[in-house]
>>> print(open('query15.tsv').read())   # TSV, N, CA and C atoms
chain	number	residue	atom	x	y	z
Y	1	MET	N	-11.65	9.13	-1.94
Y	1	MET	CA	-10.63	8.14	-2.23
Y	1	MET	C	-11.08	6.83	-1.59
Y	2	ASN	N	-10.96	5.73	-2.34
Y	2	ASN	CA	-11.30	4.43	-1.75
Y	2	ASN	C	-10.07	3.82	-1.07
Y	3	ILE	N	-10.27	2.69	-0.43
Y	3	ILE	CA	-9.19	2.07	0.34
Y	3	ILE	C	-8.03	1.66	-0.56
Y	4	SER	N	-8.31	1.10	-1.73
Y	4	SER	CA	-7.24	0.69	-2.64
Y	4	SER	C	-6.40	1.88	-3.07
Y	5	GLN	N	-7.06	2.99	-3.35
Y	5	GLN	CA	-6.34	4.21	-3.74
Y	5	GLN	C	-5.48	4.72	-2.58
Y	6	ALA	N	-6.02	4.67	-1.38
Y	6	ALA	CA	-5.27	5.12	-0.20
Y	6	ALA	C	-4.04	4.24	0.02
Y	7	VAL	N	-4.19	2.94	-0.19
Y	7	VAL	CA	-3.05	2.03	-0.05
Y	7	VAL	C	-1.99	2.37	-1.09
Y	8	ALA	N	-2.40	2.65	-2.32
Y	8	ALA	CA	-1.44	3.00	-3.38
Y	8	ALA	C	-0.69	4.28	-3.05
Y	9	VAL	N	-1.40	5.29	-2.55
Y	9	VAL	CA	-0.75	6.55	-2.18
Y	9	VAL	C	0.23	6.32	-1.03
Y	10	ARG	N	-0.19	5.52	-0.06
Y	10	ARG	CA	0.68	5.22	1.09
Y	10	ARG	C	1.94	4.48	0.61
Y	11	ILE	N	1.78	3.54	-0.30
Y	11	ILE	CA	2.95	2.83	-0.85
Y	11	ILE	C	3.88	3.83	-1.53
Y	12	ARG	N	3.34	4.69	-2.39
Y	12	ARG	CA	4.18	5.69	-3.08
Y	12	ARG	C	4.96	6.54	-2.08
Y	13	ASP	N	4.26	7.01	-1.04
Y	13	ASP	CA	4.91	7.84	-0.03
Y	13	ASP	C	6.03	7.09	0.67
Y	14	LEU	N	5.77	5.84	1.04
Y	14	LEU	CA	6.77	5.06	1.77
Y	14	LEU	C	7.94	4.66	0.87
Y	15	LEU	N	7.68	4.41	-0.41
Y	15	LEU	CA	8.77	4.10	-1.33
Y	15	LEU	C	9.75	5.27	-1.39
Y	16	LYS	N	9.20	6.49	-1.47
Y	16	LYS	CA	10.06	7.68	-1.48
Y	16	LYS	C	10.80	7.84	-0.16
Y	17	GLU	N	10.02	7.75	0.93
Y	17	GLU	CA	10.59	7.96	2.26
Y	17	GLU	C	11.72	6.98	2.56
Y	18	LYS	N	11.51	5.72	2.20
Y	18	LYS	CA	12.48	4.68	2.52
Y	18	LYS	C	13.45	4.42	1.37
Y	19	GLN	N	13.31	5.19	0.30
Y	19	GLN	CA	14.18	5.08	-0.88
Y	19	GLN	C	14.26	3.64	-1.38
Y	20	LEU	N	13.07	3.06	-1.56
Y	20	LEU	CA	12.96	1.70	-2.09
Y	20	LEU	C	12.33	1.75	-3.48
Y	21	THR	N	12.63	0.75	-4.27
Y	21	THR	CA	11.95	0.60	-5.55
Y	21	THR	C	10.72	-0.28	-5.36
Y	22	GLN	N	9.81	-0.21	-6.30
Y	22	GLN	CA	8.65	-1.09	-6.24
Y	22	GLN	C	9.09	-2.54	-6.32
Y	23	TYR	N	10.10	-2.81	-7.14
Y	23	TYR	CA	10.62	-4.18	-7.26
Y	23	TYR	C	11.12	-4.69	-5.91
Y	24	ARG	N	11.88	-3.86	-5.19
Y	24	ARG	CA	12.42	-4.28	-3.88
Y	24	ARG	C	11.28	-4.52	-2.90
Y	25	LEU	N	10.26	-3.67	-2.93
Y	25	LEU	CA	9.09	-3.90	-2.06
Y	25	LEU	C	8.45	-5.24	-2.38
Y	26	GLU	N	8.26	-5.52	-3.67
Y	26	GLU	CA	7.65	-6.80	-4.07
Y	26	GLU	C	8.45	-7.98	-3.54
Y	27	GLN	N	9.77	-7.87	-3.63
Y	27	GLN	CA	10.64	-8.94	-3.14
Y	27	GLN	C	10.55	-9.06	-1.62
Y	28	ASN	N	10.64	-7.94	-0.93
Y	28	ASN	CA	10.59	-7.94	0.54
Y	28	ASN	C	9.24	-8.46	1.05
Y	29	ALA	N	8.17	-8.12	0.33
Y	29	ALA	CA	6.82	-8.48	0.77
Y	29	ALA	C	6.40	-9.87	0.31
Y	30	GLY	N	7.13	-10.44	-0.64
Y	30	GLY	CA	6.74	-11.74	-1.18
Y	30	GLY	C	5.48	-11.66	-2.02
Y	31	LEU	N	5.28	-10.51	-2.66
Y	31	LEU	CA	4.10	-10.32	-3.51
Y	31	LEU	C	4.52	-10.31	-4.98
Y	32	SER	N	3.61	-10.74	-5.82
Y	32	SER	CA	3.90	-10.75	-7.26
Y	32	SER	C	3.90	-9.33	-7.80
Y	33	HIS	N	4.60	-9.16	-8.89
Y	33	HIS	CA	4.63	-7.87	-9.57
Y	33	HIS	C	3.22	-7.47	-10.00
Y	34	ASP	N	2.45	-8.43	-10.49
Y	34	ASP	CA	1.08	-8.15	-10.94
Y	34	ASP	C	0.20	-7.63	-9.81
Y	35	THR	N	0.36	-8.18	-8.62
Y	35	THR	CA	-0.43	-7.73	-7.48
Y	35	THR	C	-0.13	-6.28	-7.14
Y	36	VAL	N	1.14	-5.96	-7.00
Y	36	VAL	CA	1.51	-4.60	-6.64
Y	36	VAL	C	1.18	-3.64	-7.78
Y	37	LYS	N	1.42	-4.07	-9.00
Y	37	LYS	CA	1.12	-3.21	-10.16
Y	37	LYS	C	-0.36	-2.88	-10.21
Y	38	SER	N	-1.23	-3.86	-9.95
Y	38	SER	CA	-2.67	-3.60	-10.01
Y	38	SER	C	-3.10	-2.62	-8.92
Y	39	ILE	N	-2.48	-2.71	-7.75
Y	39	ILE	CA	-2.78	-1.74	-6.68
Y	39	ILE	C	-2.32	-0.35	-7.10
Y	40	MET	N	-1.10	-0.26	-7.59
Y	40	MET	CA	-0.52	1.04	-7.92
Y	40	MET	C	-1.22	1.71	-9.10
Y	41	LYS	N	-1.74	0.94	-10.02
Y	41	LYS	CA	-2.43	1.50	-11.18
Y	41	LYS	C	-3.93	1.69	-10.94
Y	42	GLY	N	-4.40	1.36	-9.73
Y	42	GLY	CA	-5.80	1.54	-9.40
Y	42	GLY	C	-6.71	0.51	-10.02
Y	43	LYS	N	-6.15	-0.62	-10.42
Y	43	LYS	CA	-6.95	-1.68	-11.05
Y	43	LYS	C	-7.47	-2.69	-10.04
Y	44	ALA	N	-6.94	-2.65	-8.82
Y	44	ALA	CA	-7.37	-3.60	-7.79
Y	44	ALA	C	-8.77	-3.21	-7.30
Y	45	ARG	N	-9.66	-4.17	-7.25
Y	45	ARG	CA	-11.02	-3.90	-6.74
Y	45	ARG	C	-11.00	-3.61	-5.26
Y	46	GLY	N	-10.10	-4.22	-4.59
Y	46	GLY	CA	-9.94	-4.04	-3.15
Y	46	GLY	C	-8.61	-4.63	-2.74
Y	47	VAL	N	-8.17	-4.28	-1.57
Y	47	VAL	CA	-6.92	-4.82	-1.05
Y	47	VAL	C	-7.26	-5.56	0.22
Y	48	ASN	N	-6.96	-6.85	0.25
Y	48	ASN	CA	-7.32	-7.63	1.44
Y	48	ASN	C	-6.27	-7.46	2.54
Y	49	LEU	N	-6.64	-7.86	3.73
Y	49	LEU	CA	-5.78	-7.67	4.89
Y	49	LEU	C	-4.46	-8.43	4.74
Y	50	LYS	N	-4.51	-9.61	4.16
Y	50	LYS	CA	-3.28	-10.40	3.97
Y	50	LYS	C	-2.28	-9.62	3.12
Y	51	THR	N	-2.76	-8.94	2.10
Y	51	THR	CA	-1.89	-8.14	1.24
Y	51	THR	C	-1.35	-6.93	1.99
Y	52	VAL	N	-2.18	-6.28	2.78
Y	52	VAL	CA	-1.73	-5.13	3.57
Y	52	VAL	C	-0.65	-5.56	4.57
Y	53	VAL	N	-0.84	-6.71	5.19
Y	53	VAL	CA	0.16	-7.24	6.12
Y	53	VAL	C	1.47	-7.47	5.39
Y	54	ALA	N	1.42	-8.07	4.21
Y	54	ALA	CA	2.63	-8.33	3.44
Y	54	ALA	C	3.32	-7.03	3.03
Y	55	ILE	N	2.54	-6.05	2.60
Y	55	ILE	CA	3.12	-4.76	2.21
Y	55	ILE	C	3.79	-4.09	3.40
Y	56	ALA	N	3.09	-4.05	4.52
Y	56	ALA	CA	3.67	-3.46	5.73
Y	56	ALA	C	4.97	-4.16	6.08
Y	57	ASP	N	4.96	-5.48	6.05
Y	57	ASP	CA	6.16	-6.26	6.35
Y	57	ASP	C	7.28	-5.94	5.35
Y	58	GLY	N	6.92	-5.77	4.09
Y	58	GLY	CA	7.91	-5.43	3.07
Y	58	GLY	C	8.60	-4.10	3.35
Y	59	PHE	N	7.92	-3.21	4.03
Y	59	PHE	CA	8.51	-1.93	4.43
Y	59	PHE	C	9.17	-2.00	5.80
Y	60	GLY	N	9.06	-3.15	6.48
Y	60	GLY	CA	9.60	-3.28	7.83
Y	60	GLY	C	8.74	-2.59	8.86
Y	61	LEU	N	7.43	-2.51	8.57
Y	61	LEU	CA	6.48	-1.85	9.46
Y	61	LEU	C	5.45	-2.84	9.98
Y	62	THR	N	4.82	-2.47	11.07
Y	62	THR	CA	3.65	-3.22	11.51
Y	62	THR	C	2.47	-2.71	10.68
Y	63	VAL	N	1.37	-3.43	10.71
Y	63	VAL	CA	0.16	-2.98	10.02
Y	63	VAL	C	-0.30	-1.65	10.61
Y	64	SER	N	-0.22	-1.52	11.92
Y	64	SER	CA	-0.62	-0.27	12.58
Y	64	SER	C	0.22	0.90	12.07
Y	65	GLU	N	1.51	0.69	11.92
Y	65	GLU	CA	2.37	1.76	11.42
Y	65	GLU	C	2.03	2.10	9.97
Y	66	PHE	N	1.76	1.08	9.16
Y	66	PHE	CA	1.40	1.32	7.77
Y	66	PHE	C	0.11	2.13	7.67
Y	67	LEU	N	-0.86	1.79	8.50
Y	67	LEU	CA	-2.17	2.45	8.46
Y	67	LEU	C	-2.20	3.77	9.23
Y	68	ASN	N	-1.10	4.10	9.89
Y	68	ASN	CA	-1.03	5.33	10.68
Y	68	ASN	C	-0.78	6.52	9.75
Y	69	SER	N	-1.81	6.87	9.01
Y	69	SER	CA	-1.75	7.96	8.05
Y	69	SER	C	-3.14	8.57	7.94
Y	70	GLU	N	-3.18	9.87	7.70
Y	70	GLU	CA	-4.46	10.53	7.53
Y	70	GLU	C	-5.24	9.97	6.35
Y	71	LEU	N	-4.54	9.32	5.43
Y	71	LEU	CA	-5.20	8.70	4.28
Y	71	LEU	C	-6.29	7.73	4.72
Y	72	PHE	N	-6.08	7.08	5.86
Y	72	PHE	CA	-6.97	6.01	6.31
Y	72	PHE	C	-8.00	6.46	7.35
Y	73	LEU	N	-8.08	7.76	7.59
Y	73	LEU	CA	-9.12	8.24	8.48
Y	73	LEU	C	-10.48	8.04	7.82
Y	74	TYR	N	-11.44	7.64	8.60
Y	74	TYR	CA	-12.76	7.31	8.07
Y	74	TYR	C	-13.34	8.44	7.21
Y	75	ASP	N	-13.17	9.67	7.66
Y	75	ASP	CA	-13.71	10.82	6.93
Y	75	ASP	C	-13.04	11.04	5.58
Y	76	ASN	N	-11.84	10.48	5.41
Y	76	ASN	CA	-11.10	10.67	4.15
Y	76	ASN	C	-11.35	9.54	3.15
Y	77	LEU	N	-12.08	8.52	3.55
Y	77	LEU	CA	-12.30	7.36	2.69
Y	77	LEU	C	-13.73	7.31	2.18
Y	78	ASN	N	-13.85	6.92	0.94
Y	78	ASN	CA	-15.15	6.66	0.33
Y	78	ASN	C	-15.43	5.18	0.57
Y	79	MET	N	-16.39	4.88	1.38
Y	79	MET	CA	-16.64	3.49	1.77
Y	79	MET	C	-17.65	2.78	0.87
Y	80	ASP	N	-18.02	3.38	-0.24
Y	80	ASP	CA	-18.98	2.75	-1.17
Y	80	ASP	C	-18.34	1.66	-1.97
>>> encode(input="query15.tsv", output="structure tokens")
Amino acid sequence: MNISQAVAVRIRDLLKEKQLTQYRLEQNAGLSHDTVKSIMKGKARGVNLKTVVAIADGFGLTVSEFLNSELFLYDNLNMD
């Protein structure tokens, strides 16, 4: 799994956990629908730190809390 895919899975998990819609996340994070949609559909080439910060903020989390998942362990990521 690459980093963009891991971010998408983490978003899906947090949307369920926090009972939020993708639309509400976009509004809370100040991100466009197209940005979040491209991440969720796996069309994003990469996810930059600014976007990760905004997503974490949209969930009311710090970046550390957002990244605190086995999804982001080095051994679980394809770094190519």
>>> residues_around(input="query15.tsv", residues="Leu15 (chain Y)", least_positions_apart="5", cutoff="12 Å", atoms="only C-alpha atoms", output="JSON list (two decimals) with N, CA and C atoms, in the coordinates of the input")
[["chain", "number", "residue", "atom", "x", "y", "z"],
["Y", 8, "ALA", "N", -2.40, 2.65, -2.32],
["Y", 8, "ALA", "CA", -1.44, 3.00, -3.38],
["Y", 8, "ALA", "C", -0.69, 4.28, -3.05],
["Y", 9, "VAL", "N", -1.40, 5.29, -2.55],
["Y", 9, "VAL", "CA", -0.75, 6.55, -2.18],
["Y", 9, "VAL", "C", 0.23, 6.32, -1.03],
["Y", 10, "ARG", "N", -0.19, 5.52, -0.06],
["Y", 10, "ARG", "CA", 0.68, 5.22, 1.09],
["Y", 10, "ARG", "C", 1.94, 4.48, 0.61],
["Y", 20, "LEU", "N", 13.07, 3.06, -1.56],
["Y", 20, "LEU", "CA", 12.96, 1.70, -2.09],
["Y", 20, "LEU", "C", 12.33, 1.75, -3.48],
["Y", 21, "THR", "N", 12.63, 0.75, -4.27],
["Y", 21, "THR", "CA", 11.95, 0.60, -5.55],
["Y", 21, "THR", "C", 10.72, -0.28, -5.36],
["Y", 22, "GLN", "N", 9.81, -0.21, -6.30],
["Y", 22, "GLN", "CA", 8.65, -1.09, -6.24],
["Y", 22, "GLN", "C", 9.09, -2.54, -6.32],
["Y", 23, "TYR", "N", 10.10, -2.81, -7.14],
["Y", 23, "TYR", "CA", 10.62, -4.18, -7.26],
["Y", 23, "TYR", "C", 11.12, -4.69, -5.91],
["Y", 24, "ARG", "N", 11.88, -3.86, -5.19],
["Y", 24, "ARG", "CA", 12.42, -4.28, -3.88],
["Y", 24, "ARG", "C", 11.28, -4.52, -2.90],
["Y", 25, "LEU", "N", 10.26, -3.67, -2.93],
["Y", 25, "LEU", "CA", 9.09, -3.90, -2.06],
["Y", 25, "LEU", "C", 8.45, -5.24, -2.38],
["Y", 26, "GLU", "N", 8.26, -5.52, -3.67],
["Y", 26, "GLU", "CA", 7.65, -6.80, -4.07],
["Y", 26, "GLU", "C", 8.45, -7.98, -3.54],
["Y", 40, "MET", "N", -1.10, -0.26, -7.59],
["Y", 40, "MET", "CA", -0.52, 1.04, -7.92],
["Y", 40, "MET", "C", -1.22, 1.71, -9.10],
["Y", 55, "ILE", "N", 2.54, -6.05, 2.60],
["Y", 55, "ILE", "CA", 3.12, -4.76, 2.21],
["Y", 55, "ILE", "C", 3.79, -4.09, 3.40],
["Y", 56, "ALA", "N", 3.09, -4.05, 4.52],
["Y", 56, "ALA", "CA", 3.67, -3.46, 5.73],
["Y", 56, "ALA", "C", 4.97, -4.16, 6.08],
["Y", 58, "GLY", "N", 6.92, -5.77, 4.09],
["Y", 58, "GLY", "CA", 7.91, -5.43, 3.07],
["Y", 58, "GLY", "C", 8.60, -4.10, 3.35],
["Y", 59, "PHE", "N", 7.92, -3.21, 4.03],
["Y", 59, "PHE", "CA", 8.51, -1.93, 4.43],
["Y", 59, "PHE", "C", 9.17, -2.00, 5.80],
["Y", 60, "GLY", "N", 9.06, -3.15, 6.48],
["Y", 60, "GLY", "CA", 9.60, -3.28, 7.83],
["Y", 60, "GLY", "C", 8.74, -2.59, 8.86]]
>>> closest_residue(input="query15.tsv", among="Y:Arg12, Y:Lys43, Y:His33, Y:Lys18", to="Leu61 (chain Y)", atoms="only C-alpha atoms")
Y:Lys18
>>> axis_aligned_box(input="query15.tsv", around="region 65-70 of chain Y", padding_each_side="4 Å", output="lines of an AutoDock Vina configuration file")
center_x = -1.4
center_y = 5.6
center_z = 9.1
size_x = 15.6
size_y = 17.8
size_z = 13.6
>>> select_by_dssp(input="query15.tsv", residues="chain Y", states="alpha helix (DSSP H)", output="number ranges by chain")
Y: 3-18, 22-29, 33-40, 49-58, 63-67
>>> residues_around(input="query15.tsv", residues="Phe72 (chain Y)", least_positions_apart="6", cutoff="8 Å", atoms="all atoms listed in the file", output="MDAnalysis selection string")
chainID Y and resid 3 6:7
>>> atom_distance(input="query15.tsv", atom1="atom C of Leu31 (chain Y)", atom2="atom N of Ala54 (chain Y)")
10.0 Å
>>> closest_residue(input="query15.tsv", among="Y:Gly46, Y:Leu14, Y:Thr51, Y:Ile39", to="Asn68 (chain Y)", atoms="only C-alpha atoms")
Y:Leu14
>>> closest_residue(input="query15.tsv", among="Y:Asn28, Y:Lys37, Y:Leu77, Y:Ser69", to="Asp57 (chain Y)", atoms="only C-alpha atoms")
Y:Asn28
>>> atom_distance(input="query15.tsv", atom1="CA of Ala44 (chain Y)", atom2="CA of Ser4 (chain Y)")
6.7 Å
>>> atom_distance(input="query15.tsv", atom1="atom N of Leu67 (chain Y)", atom2="atom C of Val53 (chain Y)")
10.0 Å
